[in-house]
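Before any comments, here is the structure.
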Protein chains: 4
Amino acid sequence: MRAARLFAYDKPLKVVDVGAPRLKNPMDVLVRVTGAGVCHTDLHIVEGVWREKVQVSLPYTLGHENAGVIEDVGDGVTAFKEGDKVILHPVRTDGLCRACRIGEEMHCENLVFPGITADGGFAEYLVTSERSLVNIHDLKPEDVAPLADAGLTAIRAVKKAASRTTSGSHVVVQGIGGLGHISLQLLRCMTNTVITATDVAESKLRLAEKLGAHHVVDARKDPVKQLMAITQKKGADVVIDLVGNDQTLANGMKMLRKGGSLIIVGYGGSLNLKAIDMIFAEVSVLGSLVGNWDELRELIELTRQGKVRVITRKGKLDEVNDFLEQLKKGTLEGRGVVIP
Amino acid sequence: MRAARLFAYDKPLKVVDVGAPRLKNPMDVLVRVTGAGVCHTDLHIVEGVWREKVQVSLPYTLGHENAGVIEDVGDGVTAFKEGDKVILHPVRTDGLCRACRIGEEMHCENLVFPGITADGGFAEYLVTSERSLVNIHDLKPEDVAPLADAGLTAIRAVKKAASRTTSGSHVVVQGIGGLGHISLQLLRCMTNTVITATDVAESKLRLAEKLGAHHVVDARKDPVKQLMAITQKKGADVVIDLVGNDQTLANGMKMLRKGGSLIIVGYGGSLNLKAIDMIFAEVSVLGSLVGNWDELRELIELTRQGKVRVITRKGKLDEVNDFLEQLKKGTLEGRGVVIP
Amino acid sequence: MRAARLFAYDKPLKVVDVGAPRLKNPMDVLVRVTGAGVCHTDLHIVEGVWREKVQVSLPYTLGHENAGVIEDVGDGVTAFKEGDKVILHPVRTDGLCRACRIGEEMHCENLVFPGITADGGFAEYLVTSERSLVNIHDLKPEDVAPLADAGLTAIRAVKKAASRTTSGSHVVVQGIGGLGHISLQLLRCMTNTVITATDVAESKLRLAEKLGAHHVVDARKDPVKQLMAITQKKGADVVIDLVGNDQTLANGMKMLRKGGSLIIVGYGGSLNLKAIDMIFAEVSVLGSLVGNWDELRELIELTRQGKVRVITRKGKLDEVNDFLEQLKKGTLEGRGVVIP
Amino acid sequence: MRAARLFAYDKPLKVVDVGAPRLKNPMDVLVRVTGAGVCHTDLHIVEGVWREKVQVSLPYTLGHENAGVIEDVGDGVTAFKEGDKVILHPVRTDGLCRACRIGEEMHCENLVFPGITADGGFAEYLVTSERSLVNIHDLKPEDVAPLADAGLTAIRAVKKAASRTTSGSHVVVQGIGGLGHISLQLLRCMTNTVITATDVAESKLRLAEKLGAHHVVDARKDPVKQLMAITQKKGADVVIDLVGNDQTLANGMKMLRKGGSLIIVGYGGSLNLKAIDMIFAEVSVLGSLVGNWDELRELIELTRQGKVRVITRKGKLDEVNDFLEQLKKGTLEGRGVVIP
């Protein structure tokens, strides 16, 4: 089968022929990938950012936002069958450690992350485990693939925001790209907060307004000051930073009100945190990862209810490097999806 | 009356004669202070650390850990009467803003913090509001005064730890001084976690063992490595940093396991936080302040049950500078309490 | 001033002249009532249902859903001033007991309930405490008065439902009257559940559809069977019973799925509960009362956001008995509001 | 192998020879049962109480509180090996439905309950799934077997109580038998509440005192009145009813304070619940079932920490009917365990 693989850091992926994966364990499921989202993390992998964090040897196939149709199932599989349309939770987990038991399987002690630590979904076929699947019913795989990671990361951050706010609280979303445009829709249907969106691109701010942001702030023009004016100097209860560079992290901290929370999702930058600032206003800084299975189920449910819609740009497998390039330049609106 | 007041930063307090405070509002209560704890924050105030954070003009009376006996009550006071023994919640609040309504009165929009932003309890008398009092019944004010701030800060941090752990989780307490020795007792009666205590002083480690720490670690000898050995390389679910210098903050981050939380209580230092580290292991960094009224009530309840006992060194009002000196040197065991 | 008072059980209220109430305590506030909702509880009071539950001597003024304009404030009042438009939380509380401290002031140890245990708002003026007020800003008192009790009871029940469900869960609302029509709007903006509304009146079912119920069930035609068909035999995660007669309570229990909750709001009937049924499916039966101050604030916020709108029928003070009569017959749509 | 089986309702079990169970699925584990607790539910099964609730055909082997040593494992088993000492979570679950995903596997859509709906552990061998096992390390199976059901039911009820109380709250435990003596120990290490134990047997009340109950009440002598005297007429925040007959259920309701919760664990009786009583004091009635896997893990952890110890009476498989007889008469102290 054809697959887009990373042969060297800082180089484009190459689309090559490789053997198709096979069922190994009784709970394995073979999925024909019909939609695979292209993510900032793919860019970071190519740039070598993840090199020190995970152990993987090149070449391997990227792609960790996958959806498709079941082609074959192992002997022990009971909940899915050939032909089912499914989205793949991005990690494979053991189901037996405490993290899995309490529903926090992203912290599984025996985690495999296809597309990051193993071959992923920029390929015609992918094998995963029954545990990692969510049925998408009447939705189309190529329309929802980005929910597997961009959406799943967004819903987890939004649920953290929801549990720390009440109706009328103020939430800031920094960065209205792939994750941002989903986060705004989720904030609208999961909370009754007042939302300010920030970005450096005019087109993204217009998109934010369309998706229900109550205020938009051009991040190139002192966004902290603008936010303080919007909130009558109170600041935000929660800032969701989907960018994660030095500037957005620093701004995020300054935007918080007493008891507020900065939720970090984007990465790349760092933050100089003074202990006295943390305790004086009793603020929290929370890292946020991809969500768990039930959050993916919830996201599919909300999509089926018509409350969430991913904006996608679709292309062939060979176009994956083009999408990566556009991501780098910040010119891609919504999410790129390759159809292998 | 006599009061220990700050006339100039970086100088000792002076004990001088000032007029006694009087009841002004119908809910006011006049308390004869019979115990006032001496705190690291007093030291930080003298050093000018709080100068940029709060607005106060010198001279003024320090002392924010106060307990005593009610001398007089305003017309509107219904829940307390002359002669009641009480501990004073460290802040005065309006009871009307949303923070007060939901029981988070430390975030009150109209907060007064006697001993920090107004005259405090290193004095014979102090006026507070009925809202700020907790009845201590059969306990002695001079024995429990440090619960008003050291204890109240400890219980809030421990409750944050408790809500993020389960029986068998691992908690690290950095710094076994005034707050630390109370935190250990609280962790023992409020959780079934495994506890590691760290400090740079041998005597503090012995105290930690006596108070129920399961492991102690000499912080001068690579405490991260020691903690990793104790936890079979898993790290801690929660680290409570009661010291808050650059070193303990950096160590605290390195000690965390996946999904773990660093709770910052001590201050003075700062932390360089990389976004990728926050999201990769999905960790949290939480500032923690003094607790609310109900946490002070709970702490008095636990003290009455015999589960918490503050170690105190008592002295006269004039000895306040000696206590501050010992705090600075780290030679004070337990908590200094002046009896005005 | 004129007031509608109960002189004898099972008799209509009489509108008579009484002295206007005055400020007594420093935190008291005098409100000119410009909207007072008429509630099923008023009917129950007239019928003597509350006789054994509370101690009150006749005659007294009913009316516990009040809104209006501030006419005068006591010396100690800081957060409100003459001319402010306000809604009155239905109870007066001490702000000092533990219940008040943790924001559950409906369980206050020193509770006064105007209109039930003391003179209420079917009158030109009412005195309450600053603690019981919420500013309604640009809303009109006569439009929002029913939020003070009907709405506040609805939001508390809906929040209990929200905390026990997830997107896609099934919630049943029994009874689409004053509370029901608000509950449906709240379920729509506070949850992403699937909602079934039941009632015995065709017009109420049509109203439910308009307000966003996904399914409606005529309660005269085996509603349990209908609900089971709608949910593919799974039953509902939560049933909110706003009627509370023998029939709805029994049906509510039968509608629950494993782990489900029956939330009882309406009253009058009783339920025969077998212990084995409670444990076998691990279900919960929860009484639900009027909400707390912060829930009233939240409800006003949602109303200002345009997400909740009470349907009202307005009348003069003298029409109060007509409204009670219509409530009894079940012919009143939305909520009756008298304007004293 | 030998097994104690039910051949007819209302008759003693018969110990007979049957074929040993075998591994069927790749995740199956064969356990040599070396401890099986005898439970009130076994008595209820024999009496036919469960007949209408579950479908099972006679004869079959009872025994749902099992622990032992692993004899063999299926091909797919990764977390356990031959020779491991284990306790068996009482149910077998699919790990794939939403209930399993969020850690509430007792509500699994594809549940099997050995000893109730299938052959259980009053036998030399039992096959279960890897998912249902908890490693007991240095503990002895025959000492901890009752934790699999009696203990697991107790910890779930106690955790519900813990989440509804604070330090100093009042909790009543009705019935100090198998579940009761564990519940008391759990309340002592998991909460800082004040505990009242009730029972009809003097010896049980003495045991309760030894295990840390602060008050004991002879249930034959107006226990509601006694509890009200103990709590200065306030009543209890939580009542855990481990008996569940008409009398204890009615008493439990009467013992509750405002906002209190009655947790029903024992069964057999029923309760007449008036809607007005539920809402007036806003009380809750909660059914409570056996706990989830993580609660069993927690219970084993607490047992290893020395905070929980089951009182057992051990016997041979043939003594199972004697134990059932003693349970019926209420003469058994602690828990009977057969060693097959």
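Ordering of the structure tokens sets the chain letters (A, B, ...); residue numbers start at 1 within each chain; ligands are numbered from 1 in the order shown.
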
Can you show chain C as a short mmCIF file (atom, residue, chain, number, x, y, z; two decimals) with C-alpha atoms, in the first residue's frame once it has been least-squares superposed onto chain B, using every C-alpha atom paired in order?
data_model
loop_
_atom_site.label_atom_id
_atom_site.label_comp_id
_atom_site.auth_asym_id
_atom_site.auth_seq_id
_atom_site.Cartn_x
_atom_site.Cartn_y
_atom_site.Cartn_z
CA MET C 1 -2.23 49.60 73.72
CA ARG C 2 1.16 48.14 72.71
CA ALA C 3 1.72 46.98 69.14
CA ALA C 4 4.68 45.73 67.07
CA ARG C 5 4.83 47.92 63.98
CA LEU C 6 6.86 48.20 60.79
CA PHE C 7 8.34 51.69 60.43
CA ALA C 8 10.81 50.98 57.63
CA TYR C 9 11.53 48.10 55.25
CA ASP C 10 14.52 45.90 56.15
CA LYS C 11 14.42 47.13 59.76
CA PRO C 12 13.20 45.32 62.88
CA LEU C 13 9.63 45.98 64.05
CA LYS C 14 9.25 48.49 66.90
CA VAL C 15 6.92 47.84 69.81
CA VAL C 16 5.16 51.15 70.50
CA ASP C 17 2.02 52.53 72.09
CA VAL C 18 -0.94 53.16 69.79
CA GLY C 19 -4.64 53.81 70.33
CA ALA C 20 -6.77 50.68 70.57
CA PRO C 21 -9.12 49.99 67.64
CA ARG C 22 -12.89 50.49 68.06
CA LEU C 23 -16.07 48.98 66.71
CA LYS C 24 -17.25 50.90 63.65
CA ASN C 25 -19.81 48.77 61.83
CA PRO C 26 -22.72 46.83 63.33
CA MET C 27 -21.09 43.48 62.49
CA ASP C 28 -17.71 44.43 64.00
CA VAL C 29 -16.16 42.45 66.83
CA LEU C 30 -13.34 43.59 69.14
CA VAL C 31 -10.95 40.77 70.00
CA ARG C 32 -8.31 40.79 72.73
CA VAL C 33 -5.43 39.05 70.98
CA THR C 34 -3.94 36.33 73.17
CA GLY C 35 -1.96 34.56 70.45
CA ALA C 36 -0.42 35.83 67.20
CA GLY C 37 1.72 33.60 65.01
CA VAL C 38 4.93 34.82 63.36
CA CYS C 39 5.09 33.87 59.69
CA HIS C 40 7.51 33.81 56.75
CA THR C 41 5.21 36.33 55.14
CA ASP C 42 6.02 38.77 57.97
CA LEU C 43 9.65 38.34 57.01
CA HIS C 44 8.83 38.88 53.34
CA ILE C 45 6.85 42.04 54.23
CA VAL C 46 9.82 43.41 56.17
CA GLU C 47 12.05 42.59 53.20
CA GLY C 48 9.73 44.55 50.90
CA VAL C 49 8.65 41.54 48.80
CA TRP C 50 4.97 42.51 49.10
CA ARG C 51 5.61 46.19 48.36
CA GLU C 52 4.60 45.99 44.70
CA LYS C 53 1.71 43.63 45.34
CA VAL C 54 -0.28 45.59 47.93
CA GLN C 55 -0.74 49.23 48.82
CA VAL C 56 -0.08 50.13 52.42
CA SER C 57 1.70 53.04 54.07
CA LEU C 58 4.16 52.71 56.94
CA PRO C 59 4.07 52.50 59.87
CA TYR C 60 1.54 49.77 60.48
CA THR C 61 1.06 46.75 62.74
CA LEU C 62 1.94 43.31 61.36
CA GLY C 63 0.45 39.97 62.50
CA HIS C 64 -2.03 37.98 60.44
CA GLU C 65 -2.34 34.75 62.47
CA ASN C 66 -4.54 35.77 65.31
CA ALA C 67 -6.66 34.22 68.02
CA GLY C 68 -8.06 35.56 71.25
CA VAL C 69 -11.10 36.35 73.33
CA ILE C 70 -14.02 38.55 72.33
CA GLU C 71 -14.06 41.80 74.29
CA ASP C 72 -17.01 43.55 72.62
CA VAL C 73 -19.46 43.07 69.75
CA GLY C 74 -21.38 45.44 67.46
CA ASP C 75 -25.17 45.82 67.49
CA GLY C 76 -25.74 43.56 64.52
CA VAL C 77 -23.66 40.64 65.76
CA THR C 78 -25.79 37.55 66.37
CA ALA C 79 -23.51 34.53 66.36
CA PHE C 80 -20.85 35.55 68.91
CA LYS C 81 -20.75 37.20 72.33
CA GLU C 82 -18.28 38.66 74.81
CA GLY C 83 -15.98 36.07 76.27
CA ASP C 84 -16.10 33.63 73.33
CA LYS C 85 -12.71 32.21 72.42
CA VAL C 86 -12.12 32.61 68.70
CA ILE C 87 -9.66 32.26 65.88
CA LEU C 88 -9.69 34.95 63.17
CA HIS C 89 -9.91 34.06 59.52
CA PRO C 90 -7.06 36.18 58.10
CA VAL C 91 -9.18 38.29 55.76
CA ARG C 92 -12.22 40.54 56.12
CA THR C 93 -14.69 40.15 53.30
CA ASP C 94 -17.98 41.66 52.09
CA GLY C 95 -20.08 38.48 51.98
CA LEU C 96 -21.88 39.84 48.91
CA CYS C 97 -19.67 39.33 45.86
CA ARG C 98 -19.84 36.07 43.92
CA ALA C 99 -16.58 34.80 45.44
CA CYS C 100 -18.02 35.14 48.94
CA ARG C 101 -21.32 33.60 47.83
CA ILE C 102 -19.69 30.40 46.60
CA GLY C 103 -17.45 30.11 49.65
CA GLU C 104 -14.23 31.34 48.03
CA GLU C 105 -14.01 34.48 50.11
CA MET C 106 -10.24 34.76 49.79
CA HIS C 107 -11.04 36.05 46.30
CA CYS C 108 -13.50 38.62 47.66
CA GLU C 109 -13.75 41.76 45.55
CA ASN C 110 -13.54 43.95 48.66
CA LEU C 111 -10.89 42.18 50.66
CA VAL C 112 -9.01 43.59 53.66
CA PHE C 113 -6.04 41.61 54.95
CA PRO C 114 -5.13 42.78 58.49
CA GLY C 115 -1.40 42.47 59.11
CA ILE C 116 -0.69 42.80 55.38
CA THR C 117 -2.90 45.58 53.99
CA ALA C 118 -4.07 47.01 57.34
CA ASP C 119 -3.18 46.92 61.05
CA GLY C 120 -2.82 43.35 62.27
CA GLY C 121 -2.62 41.31 65.43
CA PHE C 122 0.83 41.96 66.91
CA ALA C 123 -1.15 44.12 69.31
CA GLU C 124 -3.34 43.83 72.34
CA TYR C 125 -6.57 44.34 70.43
CA LEU C 126 -7.87 43.84 66.93
CA VAL C 127 -11.23 44.61 65.33
CA THR C 128 -12.59 42.17 62.79
CA SER C 129 -15.98 41.26 61.40
CA GLU C 130 -18.33 38.58 62.71
CA ARG C 131 -17.98 36.88 59.32
CA SER C 132 -14.28 36.23 59.96
CA LEU C 133 -14.62 34.36 63.25
CA VAL C 134 -14.56 30.68 64.11
CA ASN C 135 -15.35 29.54 67.65
CA ILE C 136 -12.53 27.42 69.10
CA HIS C 137 -14.53 26.23 72.12
CA ASP C 138 -12.21 24.35 74.50
CA LEU C 139 -8.97 25.08 72.65
CA LYS C 140 -6.53 27.79 73.77
CA PRO C 141 -6.00 30.80 71.49
CA GLU C 142 -2.22 30.78 71.92
CA ASP C 143 -2.08 27.09 70.93
CA VAL C 144 -4.06 27.47 67.74
CA ALA C 145 -3.21 30.98 66.48
CA PRO C 146 -0.90 29.60 63.74
CA LEU C 147 -3.85 27.70 62.28
CA ALA C 148 -5.24 31.06 61.12
CA ASP C 149 -2.67 31.30 58.35
CA ALA C 150 -0.01 28.56 58.39
CA GLY C 151 -2.62 25.92 59.14
CA LEU C 152 -5.23 27.38 56.82
CA THR C 153 -2.76 27.54 53.96
CA ALA C 154 -1.69 23.97 54.68
CA ILE C 155 -5.22 22.56 54.73
CA ARG C 156 -6.09 24.22 51.43
CA ALA C 157 -3.02 22.75 49.76
CA VAL C 158 -3.67 19.35 51.31
CA LYS C 159 -7.31 19.38 50.16
CA LYS C 160 -6.14 20.16 46.63
CA ALA C 161 -3.75 17.20 46.96
CA ALA C 162 -6.52 14.99 48.38
CA SER C 163 -8.86 15.71 45.47
CA ARG C 164 -6.13 14.73 42.99
CA THR C 165 -5.06 11.46 44.61
CA THR C 166 -6.40 8.12 45.76
CA SER C 167 -5.33 5.64 48.43
CA GLY C 168 -1.78 4.63 47.62
CA SER C 169 -0.90 7.72 45.56
CA HIS C 170 2.44 9.37 46.27
CA VAL C 171 2.64 12.91 47.70
CA VAL C 172 5.83 14.89 48.30
CA VAL C 173 5.99 17.74 50.83
CA GLN C 174 8.94 20.07 50.32
CA GLY C 175 9.84 21.99 53.50
CA ILE C 176 8.93 20.78 56.99
CA GLY C 177 8.63 24.10 58.85
CA GLY C 178 5.52 25.85 60.15
CA LEU C 179 3.30 24.82 57.24
CA GLY C 180 5.05 21.55 56.59
CA HIS C 181 4.57 19.99 59.97
CA ILE C 182 0.83 20.76 59.81
CA SER C 183 0.59 19.52 56.20
CA LEU C 184 2.00 16.15 57.18
CA GLN C 185 -0.57 15.70 59.93
CA LEU C 186 -3.36 16.72 57.56
CA LEU C 187 -2.18 14.37 54.82
CA ARG C 188 -2.25 11.57 57.37
CA CYS C 189 -5.83 12.17 58.51
CA MET C 190 -7.34 13.40 55.22
CA THR C 191 -5.77 10.93 52.78
CA ASN C 192 -4.37 7.42 52.58
CA THR C 193 -1.47 8.45 50.37
CA VAL C 194 2.18 7.53 50.70
CA ILE C 195 4.12 10.61 51.81
CA THR C 196 7.70 11.68 51.20
CA ALA C 197 9.00 14.71 53.12
CA THR C 198 12.04 16.70 51.99
CA ASP C 199 14.06 19.32 53.84
CA VAL C 200 17.64 20.53 54.11
CA ALA C 201 17.75 20.18 57.90
CA GLU C 202 18.29 16.85 59.59
CA SER C 203 16.09 17.83 62.57
CA LYS C 204 13.17 18.61 60.26
CA LEU C 205 13.46 15.20 58.64
CA ARG C 206 13.34 13.54 62.04
CA LEU C 207 10.26 15.58 62.88
CA ALA C 208 8.67 14.50 59.58
CA GLU C 209 9.19 10.86 60.47
CA LYS C 210 7.58 11.41 63.83
CA LEU C 211 4.58 13.06 62.19
CA GLY C 212 3.99 10.12 59.87
CA ALA C 213 5.97 10.72 56.67
CA HIS C 214 6.59 7.31 55.08
CA HIS C 215 9.86 8.45 53.48
CA VAL C 216 12.20 11.36 54.13
CA VAL C 217 14.68 12.80 51.68
CA ASP C 218 17.60 15.10 52.43
CA ALA C 219 17.06 17.87 49.88
CA ARG C 220 20.78 18.62 49.72
CA LYS C 221 21.45 15.24 48.05
CA ASP C 222 19.71 15.10 44.64
CA PRO C 223 16.13 14.83 45.96
CA VAL C 224 14.69 14.13 42.47
CA LYS C 225 16.84 11.05 42.09
CA GLN C 226 15.96 9.86 45.59
CA LEU C 227 12.25 10.34 44.97
CA MET C 228 12.45 8.44 41.71
CA ALA C 229 14.11 5.55 43.52
CA ILE C 230 11.40 5.57 46.19
CA THR C 231 8.63 5.55 43.57
CA GLN C 232 10.22 3.00 41.24
CA LYS C 233 10.76 5.73 38.64
CA LYS C 234 7.08 6.66 38.52
CA GLY C 235 7.37 9.98 40.31
CA ALA C 236 4.83 11.66 42.57
CA ASP C 237 1.16 12.31 41.92
CA VAL C 238 1.39 15.58 43.82
CA VAL C 239 4.26 17.74 45.04
CA ILE C 240 3.41 20.42 47.61
CA ASP C 241 6.14 23.04 47.53
CA LEU C 242 6.10 24.98 50.80
CA VAL C 243 9.50 26.56 50.09
CA GLY C 244 9.07 28.06 46.64
CA ASN C 245 12.65 28.88 45.75
CA ASP C 246 14.14 28.29 42.30
CA GLN C 247 15.56 24.97 43.34
CA THR C 248 12.47 23.46 44.97
CA LEU C 249 10.25 24.64 42.11
CA ALA C 250 12.51 23.03 39.49
CA ASN C 251 12.79 19.84 41.53
CA GLY C 252 9.04 19.75 42.08
CA MET C 253 8.37 19.75 38.33
CA LYS C 254 10.88 16.95 37.74
CA MET C 255 9.33 14.81 40.46
CA LEU C 256 5.86 14.65 38.82
CA ARG C 257 4.42 11.61 37.16
CA LYS C 258 1.97 11.69 34.21
CA GLY C 259 -1.05 13.73 35.16
CA GLY C 260 0.66 14.98 38.32
CA SER C 261 0.27 18.35 40.05
CA LEU C 262 2.76 20.78 41.53
CA ILE C 263 1.07 22.85 44.21
CA ILE C 264 2.97 26.07 44.91
CA VAL C 265 2.56 27.55 48.38
CA GLY C 266 5.98 28.97 49.25
CA TYR C 267 7.23 31.89 47.18
CA GLY C 268 10.28 33.91 46.33
CA GLY C 269 11.60 31.87 43.42
CA SER C 270 10.50 31.30 39.84
CA LEU C 271 10.16 28.45 37.41
CA ASN C 272 10.97 28.12 33.72
CA LEU C 273 8.03 26.23 32.29
CA LYS C 274 8.22 24.67 28.81
CA ALA C 275 4.83 24.27 27.15
CA ILE C 276 5.77 20.87 25.73
CA ASP C 277 6.57 19.52 29.21
CA MET C 278 3.19 20.71 30.47
CA ILE C 279 1.23 18.97 27.73
CA PHE C 280 3.37 15.88 27.16
CA ALA C 281 2.70 14.52 30.67
CA GLU C 282 -0.44 16.65 31.11
CA VAL C 283 0.74 18.09 34.41
CA SER C 284 -0.72 20.98 36.39
CA VAL C 285 0.92 23.81 38.33
CA LEU C 286 -1.44 25.22 40.94
CA GLY C 287 -0.96 28.31 43.07
CA SER C 288 -2.48 27.86 46.50
CA LEU C 289 -3.52 30.59 48.90
CA VAL C 290 -4.92 30.74 52.38
CA GLY C 291 -8.14 28.73 52.75
CA ASN C 292 -11.75 29.81 53.19
CA TRP C 293 -13.87 30.04 56.35
CA ASP C 294 -15.12 26.47 56.10
CA GLU C 295 -11.57 25.18 55.81
CA LEU C 296 -10.68 27.06 59.01
CA ARG C 297 -13.72 25.53 60.70
CA GLU C 298 -12.59 22.11 59.47
CA LEU C 299 -9.08 22.67 60.78
CA ILE C 300 -10.39 23.61 64.23
CA GLU C 301 -12.58 20.50 64.14
CA LEU C 302 -9.57 18.30 63.33
CA THR C 303 -7.57 19.96 66.08
CA ARG C 304 -10.38 19.32 68.55
CA GLN C 305 -10.43 15.68 67.37
CA GLY C 306 -6.73 15.52 68.32
CA LYS C 307 -5.59 14.85 64.75
CA VAL C 308 -3.69 18.12 64.29
CA ARG C 309 -1.41 19.78 66.80
CA VAL C 310 0.67 22.85 66.03
CA ILE C 311 4.14 22.88 67.51
CA THR C 312 4.57 26.36 68.99
CA ARG C 313 7.27 28.39 70.67
CA LYS C 314 5.65 31.10 72.71
CA GLY C 315 7.06 34.51 73.59
CA LYS C 316 6.10 38.03 74.58
CA LEU C 317 5.23 40.71 72.06
CA ASP C 318 8.77 42.13 72.39
CA GLU C 319 10.24 38.84 71.19
CA VAL C 320 8.70 39.18 67.76
CA ASN C 321 11.99 40.28 66.16
CA ASP C 322 13.78 37.31 67.67
CA PHE C 323 11.26 34.98 66.08
CA LEU C 324 11.69 36.73 62.73
CA GLU C 325 15.44 36.34 63.01
CA GLN C 326 15.13 32.62 63.74
CA LEU C 327 12.74 32.16 60.82
CA LYS C 328 15.30 33.80 58.55
CA LYS C 329 18.02 31.45 59.75
CA GLY C 330 15.75 28.43 59.57
CA THR C 331 16.43 27.54 63.19
CA LEU C 332 12.85 27.83 64.46
CA GLU C 333 11.08 24.50 64.94
CA GLY C 334 7.33 24.67 64.61
CA ARG C 335 5.76 28.11 64.82
CA GLY C 336 6.60 31.17 66.92
CA VAL C 337 3.61 32.73 68.70
CA VAL C 338 3.65 36.05 70.51
CA ILE C 339 1.20 36.67 73.34
CA PRO C 340 0.47 40.42 73.33
#

Would you please give, as JSON, numbers by chain, all residues of range 260-293 of chain B that DSSP assigns to strand (DSSP E or B) based on the backbone? {"B": [260, 261, 262, 263, 264, 270, 271, 272, 273, 274, 284, 285, 286, 287]}

For the helix (DSSP H, G or I) assignment from backbone DSSP, which residues of range 66-211 of chain D qualify? Please present them as a ChimeraX atom specification. /D:98-101,105-107,130-132,141-148,150-163,178-190,202-210

Selection above as a file: C-alpha atoms, as a short mmCIF file (atom, residue, chain, number, x, y, z; two decimals), in the first residue's frame:
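Result written to again_13.cif:
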data_model
loop_
_atom_site.label_atom_id
_atom_site.label_comp_id
_atom_site.auth_asym_id
_atom_site.auth_seq_id
_atom_site.Cartn_x
_atom_site.Cartn_y
_atom_site.Cartn_z
CA ARG D 98 -19.58 3.50 28.03
CA ALA D 99 -20.07 2.30 31.63
CA CYS D 100 -16.80 0.34 31.46
CA ARG D 101 -15.03 3.25 29.74
CA GLU D 105 -18.20 -1.32 35.07
CA MET D 106 -20.86 -2.61 37.50
CA HIS D 107 -23.29 -1.03 35.03
CA GLU D 130 -8.00 -10.64 33.30
CA ARG D 131 -10.03 -7.44 33.58
CA SER D 132 -11.63 -8.67 36.82
CA PRO D 141 -6.65 -15.01 49.70
CA GLU D 142 -8.63 -16.58 52.55
CA ASP D 143 -8.18 -13.44 54.67
CA VAL D 144 -9.36 -11.01 52.02
CA ALA D 145 -11.97 -12.94 50.02
CA PRO D 146 -14.88 -11.05 51.68
CA LEU D 147 -13.44 -7.80 50.35
CA ALA D 148 -14.57 -8.91 46.87
CA ALA D 150 -18.87 -7.26 51.34
CA GLY D 151 -15.84 -4.99 51.38
CA LEU D 152 -16.37 -3.65 47.88
CA THR D 153 -19.98 -2.80 48.65
CA ALA D 154 -18.90 -1.15 51.90
CA ILE D 155 -16.21 1.02 50.29
CA ARG D 156 -18.60 2.25 47.61
CA ALA D 157 -21.19 3.27 50.20
CA VAL D 158 -18.50 4.87 52.38
CA LYS D 159 -17.09 6.82 49.42
CA LYS D 160 -20.60 8.10 48.67
CA ALA D 161 -20.82 9.14 52.32
CA ALA D 162 -17.36 10.72 52.20
CA SER D 163 -18.24 12.86 49.18
CA GLY D 178 -20.08 -8.38 57.53
CA LEU D 179 -20.43 -5.07 55.70
CA GLY D 180 -20.85 -2.98 58.82
CA HIS D 181 -17.59 -3.87 60.51
CA ILE D 182 -15.69 -3.01 57.32
CA SER D 183 -17.68 0.20 56.79
CA LEU D 184 -16.70 1.45 60.24
CA GLN D 185 -13.01 0.90 59.55
CA LEU D 186 -13.34 2.65 56.18
CA LEU D 187 -15.21 5.61 57.66
CA ARG D 188 -12.39 5.96 60.18
CA CYS D 189 -9.59 6.07 57.60
CA MET D 190 -11.42 7.81 54.74
CA GLU D 202 -25.21 -6.15 72.14
CA SER D 203 -22.09 -7.97 70.90
CA LYS D 204 -22.20 -6.06 67.60
CA LEU D 205 -22.36 -2.74 69.46
CA ARG D 206 -19.29 -3.70 71.49
CA LEU D 207 -17.51 -4.59 68.24
CA ALA D 208 -18.53 -1.22 66.77
CA GLU D 209 -16.95 0.59 69.71
CA LYS D 210 -13.76 -1.38 69.27
#
